[in-house]
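K.L.:
Below is run24.cif; it holds mmCIF, C-alpha atoms.
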```cif
data_data
#
loop_
_atom_site.label_atom_id
_atom_site.label_comp_id
_atom_site.auth_asym_id
_atom_site.auth_seq_id
_atom_site.Cartn_x
_atom_site.Cartn_y
_atom_site.Cartn_z
CA PHE K 1 -63.36 -126.54 8.91
CA MET K 2 -66.03 -125.09 6.66
CA LYS K 3 -65.13 -123.05 3.60
CA LYS K 4 -66.98 -119.74 3.57
CA THR K 5 -68.19 -117.58 0.73
CA GLY K 6 -68.45 -113.84 0.30
CA TYR K 7 -65.61 -111.71 1.66
CA LYS K 8 -62.00 -112.77 1.54
CA ASP K 9 -60.63 -112.59 5.08
CA ILE K 10 -57.31 -110.76 4.94
CA PHE K 11 -55.12 -110.84 8.06
CA ILE K 12 -52.76 -107.89 8.54
CA PHE K 13 -50.00 -107.88 11.15
CA ILE K 14 -47.33 -105.49 12.33
CA THR K 15 -44.35 -107.25 13.86
CA GLY K 16 -40.90 -106.58 15.26
CA SER K 17 -39.00 -109.07 17.39
CA THR K 18 -42.05 -111.14 18.37
CA PRO K 19 -43.49 -113.23 15.52
CA GLN K 20 -45.55 -115.02 18.20
CA VAL K 21 -48.28 -112.39 17.74
CA ILE K 22 -48.98 -113.83 14.28
CA THR K 23 -49.74 -117.37 15.41
CA GLU K 24 -51.51 -116.16 18.56
CA THR K 25 -53.88 -114.02 16.48
CA ILE K 26 -54.47 -116.77 13.91
CA TYR K 27 -55.25 -119.15 16.79
CA ALA K 28 -57.55 -116.65 18.52
CA LEU K 29 -59.55 -115.92 15.35
CA ALA K 30 -59.87 -119.64 14.66
CA MET K 31 -61.34 -120.10 18.15
CA LYS K 32 -64.04 -117.49 17.48
CA LYS K 33 -67.59 -118.59 16.75
CA PRO K 34 -67.85 -118.63 13.83
CA SER K 35 -64.18 -119.27 13.15
CA VAL K 36 -62.23 -116.90 10.92
CA TYR K 37 -59.46 -118.28 8.73
CA PRO K 38 -57.11 -116.24 6.52
CA ASP K 39 -57.41 -116.15 2.75
CA GLY K 40 -54.28 -114.02 2.72
CA ILE K 41 -51.75 -112.70 5.23
CA PHE K 42 -49.75 -109.48 5.06
CA ILE K 43 -46.97 -108.75 7.55
CA LEU K 44 -45.76 -105.15 7.80
CA THR K 45 -42.32 -105.23 9.37
CA THR K 46 -38.61 -104.53 8.93
CA CYS K 47 -35.85 -106.73 7.49
CA LYS K 48 -35.08 -107.99 11.00
CA GLY K 49 -38.74 -108.65 11.67
CA LYS K 50 -39.08 -110.60 8.43
CA GLU K 51 -36.05 -112.75 9.27
CA LEU K 52 -37.44 -113.61 12.71
CA ALA K 53 -40.91 -114.35 11.35
CA GLU K 54 -39.61 -116.61 8.57
CA LYS K 55 -37.41 -118.49 11.02
CA ALA K 56 -40.31 -119.16 13.39
CA LEU K 57 -43.19 -119.67 10.97
CA PHE K 58 -41.43 -121.53 8.17
CA ASP K 59 -38.02 -122.86 9.25
CA ARG K 60 -39.31 -124.16 12.60
CA GLY K 61 -42.64 -125.10 11.04
CA ILE K 62 -44.70 -123.52 13.83
CA LEU K 63 -47.40 -122.24 11.47
CA LYS K 64 -47.91 -125.67 9.91
CA THR K 65 -47.95 -127.29 13.35
CA LEU K 66 -50.70 -124.89 14.43
CA THR K 67 -52.91 -125.44 11.37
CA ASP K 68 -52.45 -129.22 11.46
CA GLU K 69 -53.12 -129.49 15.19
CA TYR K 70 -56.39 -127.54 15.00
CA ASP K 71 -57.50 -128.86 11.59
CA MET K 72 -57.39 -125.37 10.05
CA PRO K 73 -57.16 -124.72 6.32
CA PRO K 74 -53.47 -125.04 5.41
CA ILE K 75 -51.64 -121.73 4.96
CA ASP K 76 -49.24 -121.84 2.04
CA THR K 77 -46.18 -119.59 2.02
CA LYS K 78 -47.58 -118.04 -1.17
CA GLN K 79 -50.48 -116.67 0.90
CA ILE K 80 -48.07 -114.68 3.08
CA SER K 81 -46.53 -111.40 1.96
CA PHE K 82 -43.98 -109.28 3.82
CA ILE K 83 -44.26 -105.52 3.38
CA ILE K 84 -41.11 -103.54 4.32
CA PRO K 85 -40.62 -99.76 4.03
CA SER K 86 -37.60 -98.17 2.37
CA ASP K 87 -35.51 -95.20 3.46
CA CYS K 88 -34.95 -92.08 1.33
CA SER K 89 -32.16 -93.90 -0.55
CA GLY K 90 -34.41 -96.83 -1.45
CA ASN K 91 -32.86 -99.26 1.05
CA LEU K 92 -35.22 -101.57 2.94
CA LEU K 93 -35.34 -100.66 6.63
CA ASP K 94 -33.49 -103.02 8.95
CA ASP K 95 -35.05 -101.42 12.03
CA ILE K 96 -36.92 -98.28 13.11
CA ARG K 97 -34.55 -96.03 15.04
CA ASP K 98 -35.18 -92.39 14.17
CA GLU K 99 -37.86 -89.93 13.12
CA ALA K 100 -37.34 -90.44 9.38
CA GLU K 101 -37.63 -94.23 9.68
CA ASN K 102 -40.72 -93.87 11.86
CA GLU K 103 -42.29 -91.60 9.25
CA ALA K 104 -41.44 -94.06 6.46
CA MET K 105 -43.15 -96.87 8.36
CA GLY K 106 -46.17 -94.66 9.09
CA ASP K 107 -46.54 -93.72 5.43
CA LEU K 108 -46.22 -97.37 4.38
CA ILE K 109 -48.85 -98.60 6.85
CA THR K 110 -51.24 -95.80 5.88
CA SER K 111 -50.90 -96.28 2.12
CA PHE K 112 -51.15 -100.06 2.49
CA ILE K 113 -54.42 -99.92 4.45
CA ARG K 114 -55.75 -97.30 2.06
CA GLU K 115 -55.11 -99.55 -0.95
CA LYS K 116 -56.51 -102.69 0.65
CA THR K 117 -59.75 -100.93 1.67
CA LYS K 118 -60.31 -100.10 -2.00
CA ILE K 119 -60.88 -103.81 -2.71
CA PRO K 120 -64.60 -104.47 -2.04
CA SER K 121 -64.19 -108.23 -1.59
CA TYR K 122 -61.59 -107.86 1.19
CA LYS K 123 -62.52 -107.94 4.84
CA LEU K 124 -59.52 -106.74 6.85
CA HIS K 125 -58.58 -108.28 10.20
CA CYS K 126 -55.80 -106.08 11.58
CA SER K 127 -53.78 -106.82 14.71
CA ILE K 128 -51.92 -104.09 16.60
CA ALA K 129 -50.20 -106.65 18.86
CA GLY K 130 -46.62 -106.39 17.69
CA GLY K 131 -43.82 -104.14 16.50
CA ARG K 132 -42.95 -100.80 18.00
CA LYS K 133 -45.67 -98.78 19.71
CA THR K 134 -45.61 -96.21 16.91
CA MET K 135 -46.48 -98.99 14.43
CA SER K 136 -49.56 -99.87 16.49
CA PHE K 137 -50.55 -96.20 16.51
CA TYR K 138 -50.14 -95.85 12.75
CA LEU K 139 -52.19 -98.98 12.05
CA GLY K 140 -55.00 -97.84 14.35
CA ALA K 141 -54.98 -94.36 12.82
CA ALA K 142 -54.99 -95.75 9.26
CA MET K 143 -58.00 -97.88 10.12
CA GLN K 144 -59.80 -94.81 11.46
CA LEU K 145 -59.15 -92.98 8.20
CA PHE K 146 -59.97 -95.74 5.71
CA ALA K 147 -61.65 -98.80 7.29
CA ARG K 148 -65.10 -99.80 6.11
CA PRO K 149 -67.90 -101.04 8.41
CA TRP K 150 -66.89 -104.68 7.94
CA ASP K 151 -63.16 -104.23 8.68
CA ARG K 152 -61.90 -105.20 12.15
CA LEU K 153 -59.10 -104.14 14.51
CA TYR K 154 -57.79 -106.45 17.24
CA HIS K 155 -55.34 -106.74 20.07
CA VAL K 156 -54.26 -110.11 21.44
CA LEU K 157 -53.74 -110.42 25.19
CA VAL K 158 -51.71 -113.31 26.55
CA THR K 159 -51.22 -114.47 30.15
CA PRO K 160 -48.21 -112.36 31.26
CA GLU K 161 -45.86 -115.27 32.03
CA PHE K 162 -46.35 -116.67 28.54
CA GLU K 163 -46.25 -113.30 26.85
CA SER K 164 -42.68 -113.08 28.15
CA ASN K 165 -41.68 -116.52 26.91
CA PRO K 166 -40.15 -116.68 23.42
CA GLU K 167 -41.19 -120.35 23.05
CA PHE K 168 -44.93 -119.73 23.39
CA PHE K 169 -46.71 -119.28 20.04
CA TYR K 170 -50.25 -120.53 20.78
CA LYS K 171 -52.08 -122.77 23.23
CA PRO K 172 -51.52 -126.37 22.11
CA LYS K 173 -54.20 -129.05 22.54
CA LYS K 174 -51.82 -131.19 24.56
CA ASP K 175 -50.32 -129.53 27.63
CA LYS K 176 -46.66 -128.79 27.19
CA GLU K 177 -44.01 -127.64 29.63
CA LEU K 178 -41.90 -124.75 28.38
CA THR K 179 -38.23 -124.83 29.25
CA PRO K 180 -36.84 -121.40 30.13
CA PRO K 181 -33.91 -120.24 27.99
CA CYS K 182 -30.39 -120.65 29.35
CA SER K 183 -29.99 -116.88 29.60
CA PRO K 184 -30.73 -115.36 33.04
CA SER K 185 -33.31 -113.20 31.36
CA LEU K 186 -36.12 -113.62 28.89
CA SER K 187 -36.92 -111.51 25.88
CA LYS K 188 -39.84 -109.23 26.71
CA ARG K 189 -42.46 -108.79 23.98
CA GLY K 190 -42.12 -105.63 21.94
CA VAL K 191 -38.94 -104.10 20.61
CA GLY K 192 -37.69 -102.75 23.88
CA GLY K 193 -34.97 -105.36 24.16
CA VAL K 194 -34.22 -107.69 27.07
CA THR K 195 -35.41 -107.25 30.61
CA GLY K 196 -34.66 -109.31 33.67
CA THR K 197 -37.30 -111.93 34.46
CA SER K 198 -37.18 -114.71 37.02
CA LEU K 199 -36.72 -118.14 35.43
CA LYS K 200 -39.77 -120.29 35.96
CA ARG K 201 -41.01 -123.52 34.41
CA LEU K 202 -44.36 -123.00 32.73
CA ASN K 203 -47.08 -125.33 31.54
CA THR K 204 -49.27 -124.32 28.64
CA ARG K 205 -52.38 -125.51 30.50
CA ASP K 206 -52.10 -122.25 32.46
CA ALA K 207 -51.93 -120.08 29.35
CA GLU K 208 -54.85 -118.03 28.04
CA ILE K 209 -55.10 -116.04 24.83
CA TYR K 210 -57.76 -113.32 24.66
CA LEU K 211 -58.81 -111.63 21.45
CA ALA K 212 -59.97 -108.06 22.07
CA GLU K 213 -61.85 -106.41 19.21
CA LEU K 214 -61.13 -102.68 19.39
CA PRO K 215 -63.87 -100.18 18.53
CA PHE K 216 -62.82 -97.07 16.64
CA ILE K 217 -64.34 -94.10 14.84
CA ARG K 218 -64.61 -94.74 11.11
CA LEU K 219 -64.03 -91.59 9.06
CA SER K 220 -64.01 -93.25 5.65
CA ASP K 221 -66.51 -91.52 3.31
CA LYS K 222 -67.14 -88.92 6.03
CA ILE K 223 -64.25 -86.66 5.08
CA SER K 224 -62.42 -86.09 1.81
CA LEU K 225 -58.79 -87.21 1.88
CA ASN K 226 -56.44 -86.71 -1.05
CA GLY K 227 -53.07 -86.50 0.72
CA LYS K 228 -50.37 -89.14 0.34
CA GLY K 229 -48.22 -89.20 3.48
CA PHE K 230 -49.57 -89.79 6.99
CA LYS K 231 -48.81 -86.24 8.21
CA GLU K 232 -50.49 -84.73 5.17
CA LEU K 233 -53.58 -86.91 5.64
CA VAL K 234 -53.88 -85.97 9.32
CA LYS K 235 -53.57 -82.27 8.51
CA GLU K 236 -56.13 -82.57 5.74
CA GLY K 237 -58.53 -84.57 7.89
CA GLN K 238 -58.28 -82.09 10.76
CA LYS K 239 -59.08 -79.24 8.38
CA GLU K 240 -62.16 -81.10 7.12
CA ILE K 241 -63.37 -81.70 10.68
CA ASN K 242 -62.76 -78.08 11.69
CA MET K 243 -64.72 -76.87 8.67
CA ALA K 244 -67.59 -79.20 9.55
CA ILE K 245 -68.02 -77.78 13.06
CA ILE K 246 -67.30 -74.13 12.27
CA GLN K 247 -69.93 -72.39 10.18
CA PRO K 248 -68.06 -70.37 7.52
CA GLU K 249 -69.09 -66.77 6.97
CA LEU K 250 -71.49 -66.30 4.05
CA LYS K 251 -71.74 -63.00 2.13
CA VAL K 252 -73.91 -62.13 -0.86
CA ASN K 253 -72.67 -59.43 -3.25
CA LEU K 254 -75.57 -58.49 -5.56
CA THR K 255 -73.51 -55.93 -7.47
CA GLU K 256 -70.80 -58.43 -8.46
CA LYS K 257 -73.28 -61.35 -8.53
CA THR K 258 -71.09 -63.45 -6.23
CA LEU K 259 -71.53 -65.58 -3.14
CA LYS K 260 -68.61 -65.75 -0.70
CA ILE K 261 -68.41 -68.80 1.60
CA GLY K 262 -65.43 -68.43 3.88
CA ASP K 263 -62.53 -67.77 1.52
CA LYS K 264 -64.30 -69.23 -1.52
CA ILE K 265 -66.06 -66.89 -4.03
CA ILE K 266 -68.69 -68.34 -6.37
CA LYS K 267 -70.32 -66.60 -9.33
CA LEU K 268 -74.09 -67.28 -9.36
CA PRO K 269 -77.13 -66.39 -11.52
CA PRO K 270 -79.31 -63.54 -10.09
CA ILE K 271 -82.18 -65.86 -9.10
CA ASN K 272 -79.83 -68.01 -6.95
CA LEU K 273 -78.36 -64.90 -5.35
CA MET K 274 -81.86 -63.63 -4.46
CA ILE K 275 -82.59 -66.89 -2.64
CA TYR K 276 -79.41 -66.58 -0.56
CA ALA K 277 -80.11 -62.87 0.07
CA ALA K 278 -83.62 -63.71 1.33
CA TYR K 279 -82.15 -65.95 4.04
#
```
Show me the file's structure as structure tokens.
P.N.:
Amino acid sequence: FMKKTGYKDIFIFITGSTPQVITETIYALAMKKPSVYPDGIFILTTCKGKELAEKALFDRGILKTLTDEYDMPPIDTKQISFIIPSDCSGNLLDDIRDEAENEAMGDLITSFIREKTKIPSYKLHCSIAGGRKTMSFYLGAAMQLFARPWDRLYHVLVTPEFESNPEFFYKPKKDKELTPPCSPSLSKRGVGGVTGTSLKRLNTRDAEIYLAELPFIRLSDKISLNGKGFKELVKEGQKEINMAIIQPELKVNLTEKTLKIGDKIIKLPPINLMIYAAY
């Protein structure tokens, strides 16, 4: 591999019960031309998600196996950070089950992306392939609000049979047969739980991993956003957009020497008022 200069490539993931999306995305970005390797990894998840990711990536050594097999730069555990939201009592979320927990996760994702886009040397590579669907939505929306021209948003698509197999983490160089689990069903990707799937022996030679770069509208520096929570930011952004497409009423009051733009009243010198009055 060749060490690059310039931006630091920061990989950002959202995960739930499928840590496979982490290694699949790392693999897919490494296969790009030119290859992209992480200088840092952030995983936004829950306590359960962290436990599953640590078990797969570290305890089973799957991340090291991937980087060794494809001669990638080694990824030290110190380069990986887990970001977990807290509930109103300050307890880290074990799962996302209700509206309040969804909102906490949305606020966390939004504030996290906002802070990371303030670092000029960071180039964000964000994957929406993982976690609950609302997490994917929040990440995509946060990128729309704050991403810079050089930040990227991805989704990883895997051959369906392998997407459903909990033992598939990336496409190995040497073909490998995957043994179906003993259970009569396989865990389906996502957080929806377990669904019935016919048991079938698979060979990784038939697996394909596609990296889809997702285009999105970048609103950063186009609208002014001062809100903190996701709902507040959306409301504020919508107001800015509405104001931009609706011409506010303008009134000149020569007697009081004021200019009224919509609901805003500005005191102006006579010469400035005469210019407005002329038009």
K.L.:
For the PyMOL selection byres ((chain K and resi 134-149) around 10), applied here, can you spell out every residue it catches as a PyMOL selection string?
P.N.:
chain K and resi 12-16+44-45+96+102-103+105-118+120+123-124+126-133+150-155+214-225+230+233-234+237
K.L.:
Please, what distance in Å, to one decimal, runs between atom CA of Pro74 of chain K and atom CA of Gly40 of chain K?
P.N.:
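Separating atom CA of Pro74 of chain K from atom CA of Gly40 of chain K is a distance of 11.4 Å.
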K.L.:
So, with all atoms listed in the file as the atoms that count, which of K:Lys174, K:Lys235, K:Lys33, K:His125 lies closest to Glu213 of chain K?
P.N.:
K:His125
K.L.:
Counting all atoms listed in the file, find the residues whose atoms lie at most 9 Å from (-35.8, -99.2, 9.7) (file coordinates) and write them out as a ChimeraX atom specification.
P.N.:
/K:45-48,84-87,92-98,100-102,104-105
K.L.:
What is the distance between atom CA of Glu177 of chain K and atom CA of Arg205 of chain K, in Å to one decimal?
P.N.:
8.7 Å
K.L.:
Have a look at atom CA of Ala207 of chain K and atom CA of Phe168 of chain K and let me know their distance in Å, one decimal.
P.N.:
9.2 Å
K.L.:
Starting from the PyMOL selection byres ((chain K and resi 36) around 12), expand the selection into actual residues of this file and give them as number ranges by chain.
P.N.:
K: 1-5, 7-11, 25-35, 37-40, 72-73, 123-125, 152
